[in-house]
Amino acid sequence: MISKRSICWTIAGSDSGGGAGIQADIAAIRAFGAYPCSVITAITAQNSLTVSHIEATSLTMFKAQLSALLEDLPPQAIKVGMLPTVEQITHFALFYQQSLQPTPLIIDPVAISASGSRLTEHHALQATLQHLLPLATLVTPNIAELELLCGHPIDSDTSLLEGARFLIQLGANAVLVKGGHAHWQGEQACDYFISQDLAFCLQQPRVCTAHTHGTGCSMASAIAAAMALGDPIEDAIVQANAYIAAGLVKAKAVGSGPGPVAHTQLPTPARYFPSLQTLWPLIGDTPSIAQQAFAPVETQQLGLYPVVDNVERLRSLLELGVTTLQLRIKHQADVDIEAAVLQATQLGNQYQARVFINDHWALALKYHAYGVHLGQEDLQQADLAALQQAGVRLGVSTHGYFELLNALRLRPSYIALGHVFPTPTKVMKSRPQGLKRLRHYVQISANVPTVAIGGINLDNATEVANCGVGSLAVVRAVGDCESDQLATTVEAFNRVI
Ligand SMILES: Cc1ncc(COP(=O)(O)OP(=O)(O)O)c(N)n1
Ligand SMILES: Cc1nc(C(=O)O)sc1CCOP(=O)(O)O
C-alpha cells in the first residue's frame with residue numbers, strides 16, 4: 001500500500017497523445033513509487049505531430065480540484081506544469097501560500113509545445129515570473145523556456161548561467177536548467193543546478209533520439225516524486241537525471257512523429273547515472289582537487305572496520321589480527337590528538353594494518369598515516385592534492401546519491417555508505433538509507449571499494465554484507481564490547497565479511 005506520506009500532486013495540462021503533461025507526470029510519479037494526484041489545468045487535443053486545440057479548465061473547476069485534494073489528499077510535493085491563464089496562476093500562488101507552503105514546489109515553466117504551439121496566454125509569462133517564481137523550491141526550464149523567462153538568447157554555458165542567476169534574483173530558491181537542447185555542449189549534455197548555497201552540473205553522454213516528447217514534464221515530476229518520498233533536492237535531481245537518461249535510451253515512436261520518453265523504473269545500472277562536474281566556478285571556494293586517483297587500498301574487501309576513539313582499543317584490535325581500523329577522536333586537547341595520531345600510525349605500520357585517521361588530515365599528512373577518512377564538509381578544507389601526492393589513502397563519507405557522485409569525482413581509495421540503519425552514535429542530517437539503497441550505491445560505486453556504516457551489528461551484518469559491500473564499519477558493535485568479549489566479536493564479524 002502507498003502511504004499517505006508520499007502523495008505527489010501534478011498540476012498540469014492533459015496531452016491527448018499520452019506522451020507529455022498529466023499523462024507523463026502520472027507515469028513518472030508512479031515509477032518512483034509515490035502516489036500521483038492531478039489537477040488538470042487545460043485539455044489539449046494533440047498527437048505526436050501537432051497541437052490542434054487547447055481549452056483551459058474553468059477557474060471554478062481548477063479551484064474545485066485543488067480544494068478537493070487539499071481536503072483529503074494533501075501533498076508531500078507538488079509539480080506544476082502548464083498553467084495556461086493568468087487567473088489560474090494568481091489563484092494557485094495564493095492557494096499555495098495560504099494552504100500548502102512549505103511543501104516542495106517544482107515548477108516546470110511550460111509555455112510552448114515541442115511542436116512549436118503556444119500553450120499559455122500572452123500575459124502568463126509575466127504572471128509566472130511575478131507570482132510563481134518566488135514560491136518555487138525549484139524551477140526546471142529547458143533552454144527555450146529559459147530564453148522566454150529571461151528575455152535573451154541562451155547560446156553558451158555562460159549565458160545559461162546568467163539566465164539561471166536571473167531567476168534566482170527574481171526569488172526562485174533554485175534553478176535546474178536542462179541541457180537537452182544545449183547543442184553547443186557537444187556530445188555531453190549538462191544539466192546545471194544553482195541555488196544560493198550549492199551549484200553543480202550533472203553530465204551525461206547525449207542520447208541521440210528524436211523521441212524526447214514529455215522529457216521536461218517527466219523530469220520535473222520525477223524530482224517532485226522523489227522529494228515526496230523524502231529525498232533531499234539534490235538526490236531527487238540525480239535520480240531524475242538517471243531516470244530520463246534510461247527513458248531516452250528506451251524511447252520509441254508511437255505515432256508518426258517524435259515518440260514519448262519511456263517510463264521505466266529508477267534504473268540501477270551505473271551507466272545511466274551522470275557524473276558530477278565543476279562545482280567551481282559556480283561556487284566560491286575551490287577545494288584543492290587532486291588530479292589523480294588516491295593510492296589504492298589494494299583490495300575490494302576491507303572486511304571488519306572498527307572505528308575507535310582511543311589507541312588502547314586500536315592496539316587490542318590489531319593484536320587480534322584486525323587489518324582495517326580508524327582512529328576517530330572527538331573533543332580532546334590538540335596535543336593529545338596529535339600524540340594519538342602518531343601512536344596509531346606507528347602501530348598501523350608495526351602490524352602492517354590499514355589505520356585511517358578521521359578528520360585530522362594535516363596530522364595524517366605530517367606523520368604519513370596509511371589513510372584519512374573525511375566527511376563531505378571536511379573535503380572543502382582538506383588539502384586533497386597534498387594528501388594524494390603523499391600517497392595517503394582517502395576514504396569519503398556519503399549519505400545519498402549526490403554525495404556519492406561527489407565522492408566518485410575525487411577517485412578516493414574507498415567510499416563509505418551511510419548510515420544504513422538508525423544509529424544513536426552520531427546526530428545525522430540524512431535519513432537511514434536502508435538495504436535497497438545500499439545495494440544500489442554499491443553498484444554505482446563500480447570499482448571503488450565500499451564500506452557500509454551506521455547501526456551495523458552482528459544481528460544485521462549478514463544482510464548488509466549481502467548488499468555487496470566490501471567492509472562493515474562499526475562503532476558500538478566493537479567499541480561497547482567488554483575486553484573479554486572482543487575476540488569472539490571480531491571472529492563473528494570475520495565469519496560474515
Ligand atoms: C568508515 C566511516 N564512514 C563514515 C564516517 C563518518 O565520517 P564523517 O562524515 O567525517 O563524520 P565524523 O566521523 O567526523 O562524525 C567515518 N568516520 N568512518
Ligand atoms: C561515525 C558515523 N558515521 C556515519 C555515517 O553515516 O557517516 S554513521 C556513524 C556512526 C556509526 O556508529 P554505530 O556503528 O555505533 O551505529
# chains A, B, ... in the order shown; residues from 1 in each chain; ligands from 1
$ residues_near_ligand --ligand "ligand 1" --cutoff "10 Å" --atoms "only C-alpha atoms and all ligand atoms" --output "PyMOL selection string"
chain A and resi 305-308+324-330+356-360+372-379+395-399+414-419+425-428+450-454+471-475
$ select_by_dssp --residues "region 124-288 of chain A" --states "strand (DSSP E or B)" --output "VMD selection string"
chain A and resid 138 to 139 174 to 177 188 to 195 199 to 205 213 260 275 to 277
$ closest_atom_pairs --of "region 30-109 of chain A" --to "region 177-185 of chain A" --cutoff "12 Å" --atoms "only C-alpha atoms" --output "tab-separated table"
residue	atom	partner	partner_atom	distance
A:Ile107	CA	A:Val177	CA	11.8
A:Asp108	CA	A:Val177	CA	10.3
A:Pro109	CA	A:Val177	CA	11.1
$ write_last_selection --atoms "N, CA and C atoms" --output "short mmCIF file (atom, residue, chain, number, x, y, z; two decimals), in the first residue's frame"
data_model
loop_
_atom_site.label_atom_id
_atom_site.label_comp_id
_atom_site.auth_asym_id
_atom_site.auth_seq_id
_atom_site.Cartn_x
_atom_site.Cartn_y
_atom_site.Cartn_z
N ILE A 107 8.51 23.76 -10.29
CA ILE A 107 7.80 24.44 -11.39
C ILE A 107 8.51 24.20 -12.71
N ASP A 108 7.81 23.54 -13.61
CA ASP A 108 8.32 23.36 -14.97
C ASP A 108 7.62 24.42 -15.82
N PRO A 109 8.33 25.47 -16.21
CA PRO A 109 7.64 26.62 -16.82
C PRO A 109 7.28 26.40 -18.28
#
$ atom_distance --atom1 "CA of Leu66 (chain A)" --atom2 "CA of Leu167 (chain A)"
26.5 Å
$ atom_distance --atom1 "CA of Thr137 (chain A)" --atom2 "CA of Leu170 (chain A)"
12.7 Å
$ closest_atom_pairs --of "region 119-146 of chain A" --to "region 208-229 of chain A" --cutoff "8 Å" --atoms "only C-alpha atoms" --output "tab-separated table"
residue	atom	partner	partner_atom	distance
A:Thr140	CA	A:Ala220	CA	6.7
A:Pro141	CA	A:Gly216	CA	7.9
A:Asn142	CA	A:Gly216	CA	7.4
$ closest_residue --among "A:Leu49, A:Val490, A:Met82, A:Ala77" --to "Leu100 (chain A)" --atoms "only C-alpha atoms"
A:Ala77
$ residues_around --residues "Ala111 (chain A)" --least-positions-apart "3" --cutoff "10 Å" --atoms "only C-alpha atoms" --output "compact mmCIF listing (two decimals) with C-alpha atoms, in the first residue's frame"
# COMPACT_ATOMS: atom_id res chain seq x y z
CA GLY A 81 3.47 22.30 -15.41
CA MET A 82 1.30 24.21 -17.86
CA LEU A 83 -0.80 26.90 -16.19
CA PRO A 84 -2.47 28.45 -19.23
CA ASP A 108 8.32 23.36 -14.97
CA ALA A 114 7.81 20.82 -28.70
CA GLY A 116 6.05 24.98 -31.54
CA SER A 117 2.50 25.75 -30.37
CA ARG A 118 1.94 28.46 -27.75
CA LEU A 119 0.29 26.77 -24.74
CA THR A 120 -0.36 29.73 -22.46
CA GLU A 121 -1.94 33.20 -22.55
CA HIS A 122 0.26 36.09 -23.56
CA ALA A 124 1.00 34.18 -18.39
CA LEU A 125 4.76 34.54 -18.66
CA ALA A 144 13.86 27.68 -24.88
CA GLU A 145 11.91 28.23 -21.66
CA LEU A 148 11.48 33.20 -22.69
CA LEU A 149 11.76 33.77 -18.95
